[in-house]
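Shown here: protein.txt, compact mmCIF, C-alpha atoms.
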# COMPACT_ATOMS: atom_id res chain seq x y z
CA MET A 1222 0.00 0.00 0.00
CA VAL A 1223 2.83 2.40 0.82
CA GLN A 1224 4.39 1.87 -2.61
CA ILE A 1225 1.15 2.66 -4.48
CA GLN A 1226 0.67 5.78 -2.35
CA SER A 1227 4.24 6.88 -3.12
CA LEU A 1228 3.65 6.31 -6.83
CA MET A 1229 0.39 8.27 -6.74
CA ARG A 1230 2.11 11.09 -4.81
CA ALA A 1231 4.78 11.22 -7.55
CA VAL A 1232 2.07 11.51 -10.22
CA ILE A 1233 0.31 14.35 -8.38
CA ASN A 1234 3.59 16.15 -7.63
CA PHE A 1235 4.72 15.89 -11.27
CA TYR A 1236 1.52 17.36 -12.71
CA ASN A 1237 1.24 20.01 -9.96
CA PHE A 1238 4.82 21.11 -10.67
CA ASN A 1239 4.12 21.37 -14.38
CA ASN A 1240 0.76 23.09 -13.85
CA ARG A 1241 2.56 26.45 -13.87
CA ASN A 1242 3.90 25.92 -17.37
CA ALA A 1243 2.54 24.46 -20.58
CA PRO A 1244 0.46 21.29 -20.31
CA VAL A 1245 2.41 18.05 -20.13
CA VAL A 1246 1.49 15.60 -22.88
CA ILE A 1247 3.10 12.19 -22.66
CA THR A 1248 0.93 9.90 -24.76
CA ARG A 1249 0.82 6.35 -23.41
CA VAL A 1250 -2.49 4.75 -24.35
CA LYS A 1251 -3.71 6.71 -27.35
CA GLU A 1252 -6.52 5.14 -29.29
CA HIS A 1253 -8.04 6.51 -32.48
CA ASP A 1254 -11.19 8.59 -32.90
CA SER A 1255 -11.15 10.37 -29.53
CA GLU A 1256 -13.89 12.75 -30.65
CA LYS A 1257 -16.26 9.90 -31.56
CA MET A 1258 -15.32 7.25 -29.00
CA PHE A 1259 -14.67 9.08 -25.72
CA MET A 1260 -18.09 8.41 -24.17
CA ASP A 1261 -18.05 4.76 -25.29
CA ARG A 1262 -14.67 4.33 -23.63
CA LEU A 1263 -15.90 5.98 -20.45
CA GLU A 1264 -18.96 3.71 -20.50
CA ARG A 1265 -16.74 0.61 -20.67
CA ALA A 1266 -14.64 1.85 -17.76
CA ILE A 1267 -17.68 2.73 -15.64
CA PHE A 1268 -19.35 -0.62 -16.18
CA ASP A 1269 -16.06 -2.38 -15.47
CA SER A 1270 -16.05 -0.48 -12.16
CA CYS A 1271 -19.33 -2.18 -11.28
CA ASP A 1272 -17.65 -5.59 -11.64
CA GLU A 1273 -15.20 -6.10 -8.78
CA ASP A 1274 -13.55 -8.99 -10.67
CA CYS A 1275 -12.74 -6.88 -13.73
CA LYS A 1276 -9.03 -6.30 -14.20
CA ALA A 1277 -9.23 -3.80 -17.10
CA THR A 1278 -10.85 -0.91 -15.22
CA PRO A 1279 -7.72 1.22 -14.60
CA SER A 1280 -6.57 0.76 -18.20
CA ARG A 1281 -9.98 1.72 -19.55
CA TYR A 1282 -9.98 4.90 -17.44
CA ALA A 1283 -6.47 5.67 -18.72
CA ILE A 1284 -7.62 5.34 -22.34
CA TRP A 1285 -10.64 7.54 -21.64
CA GLY A 1286 -8.39 10.07 -19.89
CA GLU A 1287 -6.15 10.14 -22.96
CA ASP A 1288 -9.24 10.89 -25.07
CA ILE A 1289 -10.12 13.79 -22.77
CA ARG A 1290 -6.59 15.16 -22.98
CA SER A 1291 -6.64 14.78 -26.78
CA LEU A 1292 -9.98 16.61 -27.04
CA SER A 1293 -8.64 19.39 -24.80
CA ILE A 1294 -5.52 19.77 -26.94
CA SER A 1295 -7.68 19.87 -30.08
CA ALA A 1296 -9.84 22.56 -28.46
CA LYS A 1297 -6.75 24.59 -27.59
CA GLU A 1298 -5.53 24.31 -31.20
CA ALA A 1299 -8.96 25.31 -32.51
CA MET A 1300 -8.88 28.41 -30.28
CA LYS A 1301 -5.38 29.31 -31.52
CA ASN A 1302 -6.68 29.02 -35.09
CA GLY A 1303 -9.69 31.21 -34.33
CA ASN A 1304 -12.21 28.37 -34.71
CA ILE A 1305 -14.17 29.20 -31.58
CA LYS A 1306 -17.24 27.10 -32.53
CA GLN A 1307 -15.09 23.95 -32.85
CA ALA A 1308 -13.23 24.76 -29.62
CA GLU A 1309 -16.53 25.22 -27.78
CA LYS A 1310 -17.90 21.94 -29.16
CA LEU A 1311 -14.79 20.07 -28.03
CA MET A 1312 -14.78 21.71 -24.59
CA ASN A 1313 -18.46 20.85 -24.13
CA GLN A 1314 -17.57 17.22 -24.85
CA VAL A 1315 -14.76 17.37 -22.28
CA ILE A 1316 -16.96 19.04 -19.66
CA ASN A 1317 -19.86 16.61 -20.14
CA SER A 1318 -17.58 13.58 -20.12
CA MET A 1319 -15.93 14.78 -16.90
CA GLY A 1320 -19.40 15.31 -15.42
CA ALA A 1321 -20.34 11.73 -16.31
CA PHE A 1322 -17.12 10.49 -14.73
CA ILE A 1323 -17.71 12.47 -11.54
CA ASP A 1324 -21.33 11.34 -11.20
CA ALA A 1325 -20.43 7.70 -11.92
CA GLN A 1326 -17.75 7.79 -9.23
CA LEU A 1327 -20.19 9.36 -6.77
CA ILE A 1328 -22.76 6.66 -7.54
CA LEU A 1329 -20.12 3.94 -7.11
CA SER A 1330 -19.20 5.50 -3.77
CA ASN A 1331 -22.70 4.55 -2.61
CA LEU A 1332 -21.87 0.85 -2.88
CA PRO A 1333 -21.50 -0.97 0.46
CA GLY A 1334 -18.16 -0.41 2.15
CA ASN A 1335 -17.48 2.94 0.50
CA ILE A 1336 -17.69 6.47 1.85
CA SER A 1337 -20.46 8.38 0.11
CA PHE A 1338 -20.72 12.14 -0.22
CA VAL A 1339 -23.71 12.41 -2.54
CA LYS A 1340 -26.71 10.10 -2.70
CA SER A 1341 -27.48 8.46 -6.04
CA LYS A 1342 -31.06 9.65 -5.63
CA ASP A 1343 -29.87 13.28 -5.55
CA ILE A 1344 -27.89 12.81 -8.76
CA ILE A 1345 -30.87 11.32 -10.62
CA GLU A 1346 -33.18 14.04 -9.25
CA SER A 1347 -30.80 16.71 -10.54
CA TYR A 1348 -30.86 15.08 -13.99
CA ILE A 1349 -34.67 15.10 -14.08
CA THR A 1350 -34.76 18.75 -12.98
CA SER A 1351 -32.17 19.74 -15.57
CA LEU A 1352 -34.03 17.96 -18.37
CA LEU A 1353 -37.36 19.47 -17.36
CA GLU A 1354 -35.85 22.98 -17.22
CA ASN A 1355 -34.21 22.60 -20.65
CA ASN A 1356 -36.75 24.19 -22.94
CA GLU A 1357 -34.33 24.27 -25.88
CA VAL A 1358 -34.68 20.57 -26.48
CA SER A 1359 -38.05 18.92 -26.87
CA ASP A 1360 -38.09 15.49 -28.40
CA PRO A 1361 -39.07 11.91 -27.68
CA GLU A 1362 -35.55 11.06 -26.51
CA LYS A 1363 -35.75 13.70 -23.78
CA ASP A 1364 -39.16 12.40 -22.69
CA TYR A 1365 -37.83 8.84 -22.67
CA LEU A 1366 -34.86 9.90 -20.51
CA ILE A 1367 -37.13 11.64 -18.02
CA ASP A 1368 -39.48 8.65 -17.82
CA SER A 1369 -36.62 6.16 -17.37
CA MET A 1370 -35.07 8.32 -14.65
CA LYS A 1371 -38.40 8.57 -12.85
CA GLU A 1372 -38.50 4.75 -12.89
CA ILE A 1373 -35.01 4.67 -11.40
CA MET A 1374 -36.19 7.08 -8.69
CA LYS A 1375 -39.10 4.78 -7.85
CA SER A 1376 -36.74 1.84 -7.53
CA ILE A 1377 -34.37 3.84 -5.30
CA GLU A 1378 -37.25 4.96 -3.10
CA LYS A 1379 -38.46 1.34 -2.73
CA SER A 1380 -35.01 0.22 -1.58
CA ASP A 1381 -34.61 3.09 0.96
Could you write out this structure as structure tokens?
Amino acid sequence: MVQIQSLMRAVINFYNFNNRNAPVVITRVKEHDSEKMFMDRLERAIFDSCDEDCKATPSRYAIWGEDIRSLSISAKEAMKNGNIKQAEKLMNQVINSMGAFIDAQLILSNLPGNISFVKSKDIIESYITSLLENNEVSDPEKDYLIDSMKEIMKSIEKSD
């Protein structure tokens, strides 16, 4: 345990030190099609996290993280080139993917034996509220999402 903590401390120290300068990009697990595949890769990592016997979870998160870094670099390049619309699209993908990662980790923290800071129920409720307040989008997919999340809420409430 001490060795893994030392290794993790080295990682944090390295990136904190370099935070003052240009971003550090050392590509280790680059896959193709970051812009198209990043959410699929995150999905695989998240569902692997649900299976305690899965051995690929850290690698899948690393590949997803490389996608996020790649998208961020592409957004930075788009900004430099004056393509603000493309930069905004890429940054929205990064922000939404990070949000999915954060929420998935918070939901996993609700599993027995873990320390939980946010209840899964609160996350799902916030999704329903956000979808209902979003008047820009009105389509059957949005309605389906709301209905399926309400079903999830019912199942959570039954188990409480």
Checklist entry - From the set A:Ile1233, A:Ile1344, A:Met1300, A:Asp1254, which residue has the shortest atom-to-atom contact distance to Ala1321 of chain A, counting all atoms listed in the file? => result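 Once distances to Ala1321 of chain A are computed over all atoms listed in the file, the minimum belongs to A:Ile1344.
Reported to one decimal place, the separation of atom CA of Arg1290 of chain A from atom CA of Ala1308 of chain A is 13.4 Å.
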Item to check | Separation of atom CA of Cys1271 of chain A from atom CA of Met1319 of chain A, in Å and rounded to one decimal | outcome: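 Going from atom CA of Cys1271 of chain A over to atom CA of Met1319 of chain A, I get 18.2 Å.
Among A:Gly1320, A:Asn1304, A:Phe1259, A:Lys1297, the residue with the shortest atom-to-atom distance to Arg1281 of chain A, counting all atoms listed in the file, is A:Phe1259.
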Next on the checklist: Could you check the closest approach to Ile1345 of chain A for each of A:Glu1362, A:Glu1357, A:Asp1274, A:Glu1378 and tell me which residue wins, using all atoms listed in the file?
Outcome noted: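 Among the listed residues, the smallest separation from Ile1345 of chain A belongs to A:Glu1378.
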Checklist entry - To one decimal place, how far is atom CA of Lys1310 of chain A from atom CA of Lys1257 of chain A in Å? => result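 Computing it gives 12.4 Å between the two atoms.
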Rebuild segment 1304-1318 of chain A to N, CA, C and O atoms - output it as a PDB file, keeping the file's coordinate frame, please.
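Result file is result-v6.pdb:
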ATOM      1  N   ASN A1304     -10.990  29.159 -34.478  1.00  0.00           N
ATOM      2  CA  ASN A1304     -12.210  28.370 -34.710  1.00  0.00           C
ATOM      3  C   ASN A1304     -12.915  28.162 -33.362  1.00  0.00           C
ATOM      4  O   ASN A1304     -12.856  27.084 -32.774  1.00  0.00           O
ATOM      5  N   ILE A1305     -13.552  29.201 -32.907  1.00  0.00           N
ATOM      6  CA  ILE A1305     -14.170  29.200 -31.580  1.00  0.00           C
ATOM      7  C   ILE A1305     -15.318  28.191 -31.490  1.00  0.00           C
ATOM      8  O   ILE A1305     -15.479  27.521 -30.471  1.00  0.00           O
ATOM      9  N   LYS A1306     -16.126  28.066 -32.554  1.00  0.00           N
ATOM     10  CA  LYS A1306     -17.240  27.100 -32.530  1.00  0.00           C
ATOM     11  C   LYS A1306     -16.727  25.678 -32.317  1.00  0.00           C
ATOM     12  O   LYS A1306     -17.285  24.922 -31.524  1.00  0.00           O
ATOM     13  N   GLN A1307     -15.667  25.288 -33.007  1.00  0.00           N
ATOM     14  CA  GLN A1307     -15.090  23.950 -32.850  1.00  0.00           C
ATOM     15  C   GLN A1307     -14.493  23.785 -31.454  1.00  0.00           C
ATOM     16  O   GLN A1307     -14.666  22.749 -30.822  1.00  0.00           O
ATOM     17  N   ALA A1308     -13.820  24.807 -30.966  1.00  0.00           N
ATOM     18  CA  ALA A1308     -13.230  24.760 -29.620  1.00  0.00           C
ATOM     19  C   ALA A1308     -14.327  24.583 -28.569  1.00  0.00           C
ATOM     20  O   ALA A1308     -14.194  23.777 -27.648  1.00  0.00           O
ATOM     21  N   GLU A1309     -15.423  25.320 -28.737  1.00  0.00           N
ATOM     22  CA  GLU A1309     -16.530  25.220 -27.780  1.00  0.00           C
ATOM     23  C   GLU A1309     -17.163  23.826 -27.828  1.00  0.00           C
ATOM     24  O   GLU A1309     -17.455  23.238 -26.779  1.00  0.00           O
ATOM     25  N   LYS A1310     -17.337  23.284 -29.020  1.00  0.00           N
ATOM     26  CA  LYS A1310     -17.900  21.940 -29.160  1.00  0.00           C
ATOM     27  C   LYS A1310     -17.016  20.911 -28.438  1.00  0.00           C
ATOM     28  O   LYS A1310     -17.508  20.072 -27.674  1.00  0.00           O
ATOM     29  N   LEU A1311     -15.718  21.007 -28.664  1.00  0.00           N
ATOM     30  CA  LEU A1311     -14.790  20.070 -28.030  1.00  0.00           C
ATOM     31  C   LEU A1311     -14.771  20.233 -26.517  1.00  0.00           C
ATOM     32  O   LEU A1311     -14.766  19.245 -25.776  1.00  0.00           O
ATOM     33  N   MET A1312     -14.782  21.476 -26.045  1.00  0.00           N
ATOM     34  CA  MET A1312     -14.780  21.710 -24.590  1.00  0.00           C
ATOM     35  C   MET A1312     -16.081  21.246 -23.954  1.00  0.00           C
ATOM     36  O   MET A1312     -16.067  20.732 -22.830  1.00  0.00           O
ATOM     37  N   ASN A1313     -17.201  21.390 -24.654  1.00  0.00           N
ATOM     38  CA  ASN A1313     -18.460  20.850 -24.130  1.00  0.00           C
ATOM     39  C   ASN A1313     -18.385  19.342 -23.984  1.00  0.00           C
ATOM     40  O   ASN A1313     -18.894  18.773 -23.004  1.00  0.00           O
ATOM     41  N   GLN A1314     -17.745  18.671 -24.942  1.00  0.00           N
ATOM     42  CA  GLN A1314     -17.570  17.220 -24.850  1.00  0.00           C
ATOM     43  C   GLN A1314     -16.718  16.865 -23.633  1.00  0.00           C
ATOM     44  O   GLN A1314     -17.034  15.930 -22.892  1.00  0.00           O
ATOM     45  N   VAL A1315     -15.644  17.612 -23.425  1.00  0.00           N
ATOM     46  CA  VAL A1315     -14.760  17.370 -22.280  1.00  0.00           C
ATOM     47  C   VAL A1315     -15.530  17.584 -20.973  1.00  0.00           C
ATOM     48  O   VAL A1315     -15.493  16.739 -20.073  1.00  0.00           O
ATOM     49  N   ILE A1316     -16.228  18.698 -20.884  1.00  0.00           N
ATOM     50  CA  ILE A1316     -16.960  19.040 -19.660  1.00  0.00           C
ATOM     51  C   ILE A1316     -18.032  17.993 -19.359  1.00  0.00           C
ATOM     52  O   ILE A1316     -18.168  17.540 -18.214  1.00  0.00           O
ATOM     53  N   ASN A1317     -18.797  17.596 -20.364  1.00  0.00           N
ATOM     54  CA  ASN A1317     -19.860  16.610 -20.140  1.00  0.00           C
ATOM     55  C   ASN A1317     -19.291  15.242 -19.799  1.00  0.00           C
ATOM     56  O   ASN A1317     -19.842  14.529 -18.945  1.00  0.00           O
ATOM     57  N   SER A1318     -18.195  14.870 -20.426  1.00  0.00           N
ATOM     58  CA  SER A1318     -17.580  13.580 -20.120  1.00  0.00           C
ATOM     59  C   SER A1318     -17.031  13.573 -18.687  1.00  0.00           C
ATOM     60  O   SER A1318     -17.171  12.595 -17.961  1.00  0.00           O
TER      61      SER A1318
END
